[in-house]
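Shown here: input.cif, mmCIF, C-alpha atoms and all ligand atoms.
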```cif
data_work
#
loop_
_atom_site.group_PDB
_atom_site.id
_atom_site.type_symbol
_atom_site.label_atom_id
_atom_site.label_comp_id
_atom_site.auth_asym_id
_atom_site.auth_seq_id
_atom_site.Cartn_x
_atom_site.Cartn_y
_atom_site.Cartn_z
ATOM 1 C CA MET A 106 42.088 -4.940 -21.178
ATOM 2 C CA ALA A 107 39.021 -2.861 -20.295
ATOM 3 C CA THR A 108 37.074 -1.551 -23.304
ATOM 4 C CA GLU A 109 36.610 2.236 -23.339
ATOM 5 C CA LEU A 110 32.923 3.045 -23.395
ATOM 6 C CA PRO A 111 31.937 6.053 -25.497
ATOM 7 C CA PRO A 112 31.195 9.124 -23.368
ATOM 8 C CA LEU A 113 27.651 10.426 -23.170
ATOM 9 C CA THR A 114 26.853 13.179 -25.647
ATOM 10 C CA PRO A 115 26.302 16.656 -24.157
ATOM 11 C CA GLY A 116 22.978 18.266 -25.038
ATOM 12 C CA THR A 117 21.211 14.908 -25.357
ATOM 13 C CA LEU A 118 17.861 13.861 -23.959
ATOM 14 C CA TYR A 119 18.241 10.222 -22.926
ATOM 15 C CA LEU A 120 14.990 8.248 -22.516
ATOM 16 C CA VAL A 121 15.915 5.655 -19.965
ATOM 17 C CA ALA A 122 13.773 2.537 -19.481
ATOM 18 C CA THR A 123 13.560 1.326 -15.882
ATOM 19 C CA PRO A 124 12.215 -1.966 -14.442
ATOM 20 C CA ILE A 125 8.487 -2.799 -14.446
ATOM 21 C CA GLY A 126 8.861 -4.692 -11.185
ATOM 22 C CA ASN A 127 12.051 -6.712 -11.077
ATOM 23 C CA LEU A 128 15.019 -4.510 -10.248
ATOM 24 C CA GLU A 129 17.348 -6.805 -12.195
ATOM 25 C CA ASP A 130 15.705 -5.517 -15.361
ATOM 26 C CA ILE A 131 17.792 -2.400 -15.682
ATOM 27 C CA THR A 132 20.492 -2.331 -18.315
ATOM 28 C CA LEU A 133 24.159 -1.526 -17.770
ATOM 29 C CA ARG A 134 23.754 1.353 -20.207
ATOM 30 C CA ALA A 135 20.749 2.704 -18.292
ATOM 31 C CA LEU A 136 22.849 2.771 -15.124
ATOM 32 C CA ARG A 137 25.749 4.462 -16.926
ATOM 33 C CA VAL A 138 23.451 7.137 -18.371
ATOM 34 C CA LEU A 139 21.788 7.781 -15.013
ATOM 35 C CA ARG A 140 25.240 8.101 -13.388
ATOM 36 C CA GLY A 141 26.477 10.403 -16.135
ATOM 37 C CA ALA A 142 23.448 12.691 -16.451
ATOM 38 C CA ASP A 143 23.528 16.267 -15.178
ATOM 39 C CA VAL A 144 19.920 15.946 -14.113
ATOM 40 C CA ILE A 145 17.274 13.210 -14.044
ATOM 41 C CA ALA A 146 13.714 14.205 -14.959
ATOM 42 C CA ALA A 147 11.353 11.791 -13.240
ATOM 43 C CA GLU A 148 7.599 11.229 -13.270
ATOM 44 C CA ASP A 149 7.704 10.839 -9.480
ATOM 45 C CA THR A 150 10.914 11.996 -7.823
ATOM 46 C CA ARG A 151 10.256 9.968 -4.653
ATOM 47 C CA HIS A 152 9.721 6.749 -6.562
ATOM 48 C CA THR A 153 12.801 7.310 -8.749
ATOM 49 C CA GLY A 154 14.769 8.412 -5.677
ATOM 50 C CA ASN A 155 14.249 4.908 -4.235
ATOM 51 C CA LEU A 156 15.406 3.267 -7.467
ATOM 52 C CA LEU A 157 18.501 5.468 -7.614
ATOM 53 C CA ARG A 158 19.365 4.773 -3.972
ATOM 54 C CA HIS A 159 19.152 1.055 -4.693
ATOM 55 C CA PHE A 160 21.865 1.506 -7.326
ATOM 56 C CA SER A 161 23.820 4.068 -5.237
ATOM 57 C CA ILE A 162 23.230 6.828 -7.785
ATOM 58 C CA HIS A 163 23.095 10.365 -6.436
ATOM 59 C CA LYS A 164 21.931 12.926 -8.960
ATOM 60 C CA PRO A 165 19.714 16.018 -8.937
ATOM 61 C CA LEU A 166 16.103 15.142 -9.749
ATOM 62 C CA ILE A 167 13.400 17.315 -11.274
ATOM 63 C CA SER A 168 9.790 16.250 -11.671
ATOM 64 C CA TYR A 169 8.236 15.792 -15.101
ATOM 65 C CA PHE A 170 4.682 14.509 -15.111
ATOM 66 C CA LYS A 171 1.417 14.890 -16.969
ATOM 67 C CA PHE A 172 0.381 18.173 -15.364
ATOM 68 C CA ASN A 173 3.683 20.074 -15.575
ATOM 69 C CA GLU A 174 4.827 18.638 -18.914
ATOM 70 C CA ARG A 175 4.634 21.957 -20.769
ATOM 71 C CA ARG A 176 6.485 24.092 -18.198
ATOM 72 C CA ARG A 177 9.040 21.440 -17.303
ATOM 73 C CA GLY A 178 9.482 20.588 -20.968
ATOM 74 C CA GLU A 179 10.662 24.163 -21.590
ATOM 75 C CA GLU A 180 13.139 23.890 -18.747
ATOM 76 C CA ILE A 181 14.446 20.570 -20.097
ATOM 77 C CA LEU A 182 14.882 22.104 -23.562
ATOM 78 C CA ASP A 183 16.746 25.035 -22.054
ATOM 79 C CA ARG A 184 19.091 22.664 -20.215
ATOM 80 C CA LEU A 185 19.719 20.664 -23.392
ATOM 81 C CA GLN A 186 20.436 23.859 -25.322
ATOM 82 C CA ARG A 187 23.038 24.725 -22.686
ATOM 83 C CA GLY A 188 24.709 21.355 -23.365
ATOM 84 C CA GLN A 189 23.441 19.461 -20.332
ATOM 85 C CA ILE A 190 22.768 15.724 -20.361
ATOM 86 C CA VAL A 191 19.184 15.049 -19.287
ATOM 87 C CA ALA A 192 17.923 11.538 -18.476
ATOM 88 C CA LEU A 193 14.158 11.104 -18.521
ATOM 89 C CA VAL A 194 12.603 8.230 -16.572
ATOM 90 C CA THR A 195 9.080 7.283 -15.540
ATOM 91 C CA ASP A 196 7.854 5.183 -12.634
ATOM 92 C CA ALA A 197 8.211 1.953 -14.585
ATOM 93 C CA GLY A 198 9.172 0.789 -18.031
ATOM 94 C CA THR A 199 9.775 2.828 -21.134
ATOM 95 C CA PRO A 200 9.140 6.589 -21.074
ATOM 96 C CA GLY A 201 6.532 7.731 -23.591
ATOM 97 C CA ILE A 202 4.643 4.429 -23.610
ATOM 98 C CA SER A 203 1.385 5.334 -21.818
ATOM 99 C CA ASP A 204 3.653 7.530 -19.716
ATOM 100 C CA PRO A 205 5.018 11.093 -19.907
ATOM 101 C CA GLY A 206 7.761 11.682 -22.456
ATOM 102 C CA GLN A 207 6.193 12.089 -25.872
ATOM 103 C CA ARG A 208 5.634 15.824 -25.573
ATOM 104 C CA VAL A 209 9.191 16.749 -24.539
ATOM 105 C CA VAL A 210 10.644 14.388 -27.156
ATOM 106 C CA ALA A 211 8.561 16.070 -29.877
ATOM 107 C CA SER A 212 9.691 19.530 -28.685
ATOM 108 C CA ALA A 213 13.337 18.444 -28.558
ATOM 109 C CA VAL A 214 13.125 17.023 -32.085
ATOM 110 C CA ARG A 215 11.469 20.248 -33.339
ATOM 111 C CA ALA A 216 14.266 22.254 -31.741
ATOM 112 C CA GLY A 217 16.888 20.131 -33.509
ATOM 113 C CA LEU A 218 18.150 18.603 -30.262
ATOM 114 C CA ARG A 219 19.544 15.105 -29.875
ATOM 115 C CA VAL A 220 17.294 12.390 -28.424
ATOM 116 C CA GLU A 221 18.508 8.891 -27.626
ATOM 117 C CA ALA A 222 16.539 5.893 -26.354
ATOM 118 C CA ILE A 223 18.062 3.565 -23.792
ATOM 119 C CA PRO A 224 15.804 0.557 -24.325
ATOM 120 C CA GLY A 225 14.746 -1.827 -21.611
ATOM 121 C CA ALA A 226 11.666 -3.116 -19.832
ATOM 122 C CA CYS A 227 8.259 -2.426 -21.352
ATOM 123 C CA ALA A 228 5.099 -4.234 -20.195
ATOM 124 C CA LEU A 229 3.696 -4.245 -23.743
ATOM 125 C CA VAL A 230 6.670 -6.135 -25.200
ATOM 126 C CA ALA A 231 7.024 -8.525 -22.252
ATOM 127 C CA ALA A 232 3.311 -9.427 -22.390
ATOM 128 C CA LEU A 233 3.138 -9.753 -26.168
ATOM 129 C CA THR A 234 6.225 -11.919 -26.527
ATOM 130 C CA ALA A 235 5.175 -14.302 -23.739
ATOM 131 C CA SER A 236 1.502 -14.407 -24.758
ATOM 132 C CA GLY A 237 1.765 -17.027 -27.481
ATOM 133 C CA LEU A 238 -0.385 -14.794 -29.708
ATOM 134 C CA PRO A 239 0.857 -13.655 -33.133
ATOM 135 C CA THR A 240 3.539 -10.977 -32.886
ATOM 136 C CA ASP A 241 3.981 -10.289 -36.604
ATOM 137 C CA GLU A 242 1.206 -7.710 -36.518
ATOM 138 C CA PHE A 243 -0.089 -6.127 -33.360
ATOM 139 C CA HIS A 244 -1.866 -2.930 -32.351
ATOM 140 C CA PHE A 245 -1.063 -1.313 -29.050
ATOM 141 C CA ALA A 246 -3.824 0.981 -27.853
ATOM 142 C CA GLY A 247 -2.676 1.816 -24.318
ATOM 143 C CA PHE A 248 -5.554 2.498 -21.914
ATOM 144 C CA LEU A 249 -9.140 2.446 -23.178
ATOM 145 C CA PRO A 250 -11.316 5.505 -22.502
ATOM 146 C CA VAL A 251 -13.100 5.320 -19.156
ATOM 147 C CA LYS A 252 -16.482 6.676 -20.333
ATOM 148 C CA SER A 253 -18.770 3.820 -21.384
ATOM 149 C CA GLY A 254 -19.837 5.083 -24.833
ATOM 150 C CA GLN A 255 -16.337 6.046 -25.951
ATOM 151 C CA ARG A 256 -14.959 2.863 -24.505
ATOM 152 C CA SER A 257 -17.302 0.509 -26.334
ATOM 153 C CA ARG A 258 -16.833 2.425 -29.614
ATOM 154 C CA ARG A 259 -13.060 2.163 -29.261
ATOM 155 C CA LEU A 260 -13.216 -1.547 -28.404
ATOM 156 C CA ALA A 261 -15.486 -2.225 -31.378
ATOM 157 C CA GLU A 262 -13.040 -0.375 -33.655
ATOM 158 C CA LEU A 263 -9.967 -2.113 -32.279
ATOM 159 C CA THR A 264 -11.402 -5.609 -32.518
ATOM 160 C CA GLN A 265 -11.983 -5.091 -36.268
ATOM 161 C CA LEU A 266 -8.252 -4.709 -36.828
ATOM 162 C CA PRO A 267 -6.113 -7.579 -38.036
ATOM 163 C CA GLY A 268 -3.327 -8.617 -35.669
ATOM 164 C CA THR A 269 -3.121 -8.975 -31.904
ATOM 165 C CA ILE A 270 -4.574 -6.129 -29.817
ATOM 166 C CA VAL A 271 -2.602 -5.108 -26.739
ATOM 167 C CA LEU A 272 -4.183 -2.980 -24.018
ATOM 168 C CA TYR A 273 -3.111 -1.658 -20.657
ATOM 169 C CA GLU A 274 -5.865 -1.768 -18.075
ATOM 170 C CA SER A 275 -6.254 -0.429 -14.578
ATOM 171 C CA PRO A 276 -6.785 -3.098 -11.900
ATOM 172 C CA TYR A 277 -10.136 -1.418 -11.132
ATOM 173 C CA ARG A 278 -11.464 -1.930 -14.651
ATOM 174 C CA VAL A 279 -9.969 -5.222 -15.749
ATOM 175 C CA GLU A 280 -13.011 -7.243 -14.653
ATOM 176 C CA LYS A 281 -15.279 -4.868 -16.627
ATOM 177 C CA LEU A 282 -13.063 -5.401 -19.673
ATOM 178 C CA LEU A 283 -13.298 -9.182 -19.343
ATOM 179 C CA ILE A 284 -17.096 -8.937 -19.242
ATOM 180 C CA GLU A 285 -17.069 -6.687 -22.320
ATOM 181 C CA LEU A 286 -14.828 -9.085 -24.242
ATOM 182 C CA THR A 287 -16.931 -12.114 -23.336
ATOM 183 C CA THR A 288 -19.790 -10.530 -25.291
ATOM 184 C CA LEU A 289 -17.833 -8.761 -28.014
ATOM 185 C CA VAL A 290 -15.259 -11.399 -29.034
ATOM 186 C CA PRO A 291 -16.303 -14.727 -27.458
ATOM 187 C CA ASP A 292 -14.298 -16.797 -29.996
ATOM 188 C CA ARG A 293 -11.038 -14.909 -29.868
ATOM 189 C CA ARG A 294 -8.041 -15.990 -27.823
ATOM 190 C CA LEU A 295 -7.448 -13.809 -24.795
ATOM 191 C CA VAL A 296 -4.368 -13.466 -22.617
ATOM 192 C CA LEU A 297 -4.303 -11.698 -19.293
ATOM 193 C CA ALA A 298 -0.711 -10.943 -18.290
ATOM 194 C CA ARG A 299 -0.464 -9.976 -14.654
ATOM 195 C CA GLU A 300 2.381 -8.686 -12.490
ATOM 196 C CA LEU A 301 5.027 -9.316 -15.153
ATOM 197 C CA THR A 302 8.577 -9.766 -13.842
ATOM 198 C CA LYS A 303 7.260 -9.801 -10.260
ATOM 199 C CA LYS A 304 6.771 -12.541 -7.679
ATOM 200 C CA PHE A 305 3.142 -13.217 -8.597
ATOM 201 C CA GLU A 306 3.592 -13.070 -12.366
ATOM 202 C CA GLU A 307 0.864 -15.023 -14.124
ATOM 203 C CA LEU A 308 -0.438 -15.417 -17.659
ATOM 204 C CA LEU A 309 -4.020 -16.601 -18.085
ATOM 205 C CA ARG A 310 -4.711 -17.845 -21.606
ATOM 206 C CA GLY A 311 -8.047 -18.970 -22.992
ATOM 207 C CA HIS A 312 -11.264 -17.728 -24.497
ATOM 208 C CA PRO A 313 -12.880 -14.763 -22.744
ATOM 209 C CA ALA A 314 -15.429 -17.014 -20.976
ATOM 210 C CA ASP A 315 -12.665 -19.293 -19.655
ATOM 211 C CA VAL A 316 -10.624 -16.370 -18.362
ATOM 212 C CA MET A 317 -13.785 -14.855 -16.852
ATOM 213 C CA ALA A 318 -14.628 -18.121 -15.085
ATOM 214 C CA GLU A 319 -11.117 -18.297 -13.628
ATOM 215 C CA TRP A 320 -11.387 -14.656 -12.566
ATOM 216 C CA ASN A 321 -14.723 -15.348 -10.856
ATOM 217 C CA ARG A 322 -13.158 -18.310 -9.060
ATOM 218 C CA LYS A 323 -10.339 -16.067 -7.837
ATOM 219 C CA PRO A 324 -10.355 -12.329 -8.634
ATOM 220 C CA ARG A 325 -6.829 -10.984 -9.121
ATOM 221 C CA LYS A 326 -5.052 -7.803 -8.088
ATOM 222 C CA GLY A 327 -2.021 -6.087 -9.518
ATOM 223 C CA GLU A 328 -1.002 -4.712 -12.902
ATOM 224 C CA PHE A 329 -2.439 -6.115 -16.105
ATOM 225 C CA VAL A 330 -1.837 -6.213 -19.818
ATOM 226 C CA VAL A 331 -4.776 -7.576 -21.816
ATOM 227 C CA LEU A 332 -4.150 -9.152 -25.218
ATOM 228 C CA ILE A 333 -6.772 -10.182 -27.766
ATOM 229 C CA GLY A 334 -5.870 -12.622 -30.530
ATOM 230 C CA PRO A 335 -6.463 -11.640 -34.178
ATOM 231 C CA PRO A 336 -9.805 -12.299 -35.902
ATOM 232 C CA SER A 337 -8.073 -14.704 -38.331
ATOM 233 C CA ASP A 338 -7.054 -16.810 -35.361
ATOM 234 C CA ALA A 339 -10.655 -17.358 -34.175
ATOM 235 C CA PRO A 340 -12.698 -20.185 -35.723
ATOM 236 C CA SER A 341 -15.158 -18.971 -38.387
ATOM 237 C CA SER A 342 -18.839 -19.602 -37.661
ATOM 238 C CA SER A 343 -18.843 -22.652 -39.970
ATOM 239 C CA GLU A 344 -15.948 -24.246 -38.065
ATOM 240 C CA LYS A 345 -16.257 -26.203 -34.863
ATOM 241 C CA PRO A 346 -15.527 -23.967 -31.885
ATOM 242 C CA ASP A 347 -11.991 -24.266 -30.593
ATOM 243 C CA HIS A 348 -12.137 -25.616 -27.070
ATOM 244 C CA ARG A 349 -8.534 -25.132 -26.059
ATOM 245 C CA PRO A 350 -8.694 -25.126 -22.287
ATOM 246 C CA LEU A 351 -7.577 -22.227 -20.157
ATOM 247 C CA THR A 352 -3.881 -22.319 -19.413
ATOM 248 C CA THR A 353 -2.013 -20.425 -16.755
ATOM 249 C CA ASP A 354 1.699 -19.807 -16.241
ATOM 250 C CA HIS A 355 2.829 -18.846 -12.789
HETATM 251 N N1 LIG B 401 5.724 2.898 -19.547
HETATM 252 C C1 LIG B 401 5.259 1.632 -19.040
HETATM 253 C C2 LIG B 401 5.763 0.516 -19.954
HETATM 254 O O1 LIG B 401 6.782 0.710 -20.621
HETATM 255 O O2 LIG B 401 5.175 -0.556 -19.980
HETATM 256 C C3 LIG B 401 3.758 1.614 -18.870
HETATM 257 C C4 LIG B 401 3.237 2.619 -17.898
HETATM 258 S S1 LIG B 401 1.491 2.652 -17.727
HETATM 259 C C5 LIG B 401 1.255 4.097 -16.774
HETATM 260 C C6 LIG B 401 1.196 1.418 -16.509
HETATM 261 C C7 LIG B 401 0.459 0.222 -17.067
HETATM 262 O O3 LIG B 401 1.382 -0.665 -17.712
HETATM 263 C C8 LIG B 401 -0.215 -0.633 -15.999
HETATM 264 O O4 LIG B 401 -1.504 -0.139 -15.684
HETATM 265 C C9 LIG B 401 -0.298 -1.987 -16.690
HETATM 266 O O5 LIG B 401 -1.369 -2.017 -17.618
HETATM 267 C C10 LIG B 401 1.030 -1.996 -17.446
HETATM 268 N N2 LIG B 401 2.098 -2.585 -16.605
HETATM 269 C C11 LIG B 401 3.156 -1.948 -16.067
HETATM 270 N N3 LIG B 401 3.906 -2.819 -15.370
HETATM 271 C C12 LIG B 401 3.314 -4.032 -15.463
HETATM 272 C C13 LIG B 401 3.616 -5.319 -14.959
HETATM 273 N N4 LIG B 401 4.668 -5.546 -14.201
HETATM 274 N N5 LIG B 401 2.775 -6.340 -15.276
HETATM 275 C C14 LIG B 401 1.683 -6.138 -16.049
HETATM 276 N N6 LIG B 401 1.351 -4.926 -16.548
HETATM 277 C C15 LIG B 401 2.156 -3.895 -16.264
#
```
Take the structure in the file and give it back as structure tokens.
Amino acid sequence: MATELPPLTPGTLYLVATPIGNLEDITLRALRVLRGADVIAAEDTRHTGNLLRHFSIHKPLISYFKFNERRRGEEILDRLQRGQIVALVTDAGTPGISDPGQRVVASAVRAGLRVEAIPGACALVAALTASGLPTDEFHFAGFLPVKSGQRSRRLAELTQLPGTIVLYESPYRVEKLLIELTTLVPDRRLVLARELTKKFEELLRGHPADVMAEWNRKPRKGEFVVLIGPPSDAPSSSEKPDHRPLTTDH
């Protein structure tokens, strides 16, 4: 006997996680919400249009991205107030995590509207859980500032924190970050998680100098999450340095 699934709730903003590379990483609930929504608000309507076509979903799309967040947010609120079901997606992963979403969620909550998360892929969680670094305490800081002064101040602050540090980094700046970490935290464990869930997925694990040497041997392209092990995990200056060799998973 087929189990009746509960209907979607009118007037709800659904935050729908989408794959970060591998199209199999979309949940059954995400597909049901996308099929049942009155409108899908997408960071990039062309990109999401391709995803929807892949799953044979045909729904009206509106754009919602960094530079129209305020105006489009008002429209989304108005739709929710009229009882519509709005699904919000970004180009990849979980909306609101270094992606648009936070502002409209905050406005919806302020207006007493219903918000529901449809969890799924998120590069931060995939990288952290596969890293081998402690997961009991971690600090996610998204992207570092681009400007040198702000960037080094932020890095210095973050590396004082207990727990694993998780950063997103643009492919154009990841080499710069490796160089910075080689000087700043030479004894800490570092993990570079690249192209997660995709064909060329790879995790490089070692001390910053080891990862840097491997990078110099073969510079990488793609999308990266950078993880720095906690200070408590690094050998103190009185201990012998930990010479765990670089490991890679492909
Ligand atoms: N909302 C997304 C999430 O839930 O992970 C993150 C969006 S943010 C604009 C994009 C950044 O996430 C990339 O620059 C990279 O740091 C990280 N990222 C996204 N997909 C990735 C992947 N497949 N492998 C490694 N990092 C990824």
* Asked: Restricting the calculation to only C-alpha atoms and all ligand atoms, which member of A:Ser168, A:Thr150, A:Ser275, A:Asn155 is positioned closest to ligand LIG 401 (chain B)?
  ->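 Among the listed residues, the smallest separation from ligand LIG 401 (chain B) belongs to A:Ser275.
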* **Expected selection from the PyMOL selection byres (((chain A and resi 245-258) around 7) and not hetatm), given as a list in words** =>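 Listing what the PyMOL selection byres (((chain A and resi 245-258) around 7) and not hetatm) selects in the shown file: Ser203, Phe243, His244, Arg259, Leu260, Ala261, Glu262, Ile270, Val271, Leu272, Tyr273 and Glu274 of chain A.
Residue membership of the PyMOL selection byres (((not hetatm)) within 7 of (chain B and resi 401)) in the shown file amounts to Ile125, Gly126, Thr195, Ala197, Gly198, Thr199, Pro200, Gly201, Ile202, Ser203, Asp204, Ala226, Cys227, Ala228, Leu229, Tyr273, Glu274, Ser275, Ala298, Arg299, Glu300, Leu301, Thr302, Lys303, Glu328, Phe329 and Val330 of chain A.
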* Any idea what the distance is between CA of Pro291 in chain A and CA of Pro335 in chain A? -> 12.3 Å
* Could you tell me how far CA of Arg294 in chain A lies from CA of Ala235 in chain A, in Å and to one decimal? =>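 CA of Arg294 in chain A sits 13.9 Å away from CA of Ala235 in chain A.
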Kindly compute an axis-aligned box around the listed atoms of range 251-270 of chain A, allowing 5 Å on each side, and express its centre and edge lengths in Å to one decimal as AutoDock Vina command-line options.
```
--center_x -11.5 --center_y -1.1 --center_z -28.6 --size_x 26.7 --size_y 25.7 --size_z 28.9
```
* Return as a ChimeraX atom specification the set of residues that the PyMOL selection byres (((chain A and resi 352-354) around 12) and not hetatm) yields on the displayed structure. => /A:235-237,294-301,305-312,315-316,319-320,348-351,355
* Distance CA of Tyr119 in chain A-CA of Val331 in chain A, one decimal place? -> 29.1 Å
* For each of A:Asp196, A:Asp241, A:Glu174, A:Glu280, take the minimum atom-to-atom distance to Ala211 in chain A, counting only C-alpha atoms, then give the residue where this is smallest. =>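 Checking each candidate against Ala211 in chain A, we get A:Glu174 as the closest.
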* Which protein, DNA or RNA residues are at most 12 Å from (26.9, 22.4, -20.5) in the file's coordinates when you count all atoms listed in the file, listed as a PyMOL selection string? -> chain A and resi 114-117+142-144+183-191
Could the residues in this selection be saved with C-alpha atoms as a short mmCIF file (atom, residue, chain, number, x, y, z; two decimals), keeping the file's coordinate frame?
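File part-v9.cif, as written:
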```cif
data_model
loop_
_atom_site.label_atom_id
_atom_site.label_comp_id
_atom_site.auth_asym_id
_atom_site.auth_seq_id
_atom_site.Cartn_x
_atom_site.Cartn_y
_atom_site.Cartn_z
CA THR A 114 26.85 13.18 -25.65
CA PRO A 115 26.30 16.66 -24.16
CA GLY A 116 22.98 18.27 -25.04
CA THR A 117 21.21 14.91 -25.36
CA ALA A 142 23.45 12.69 -16.45
CA ASP A 143 23.53 16.27 -15.18
CA VAL A 144 19.92 15.95 -14.11
CA ASP A 183 16.75 25.04 -22.05
CA ARG A 184 19.09 22.66 -20.22
CA LEU A 185 19.72 20.66 -23.39
CA GLN A 186 20.44 23.86 -25.32
CA ARG A 187 23.04 24.72 -22.69
CA GLY A 188 24.71 21.36 -23.36
CA GLN A 189 23.44 19.46 -20.33
CA ILE A 190 22.77 15.72 -20.36
CA VAL A 191 19.18 15.05 -19.29
#
```
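If you measure from each of A:Gly268, A:Gly327, A:Lys281, A:Gly334 to Arg293 in chain A using all atoms listed in the file, the closest one turns out to be A:Gly334.
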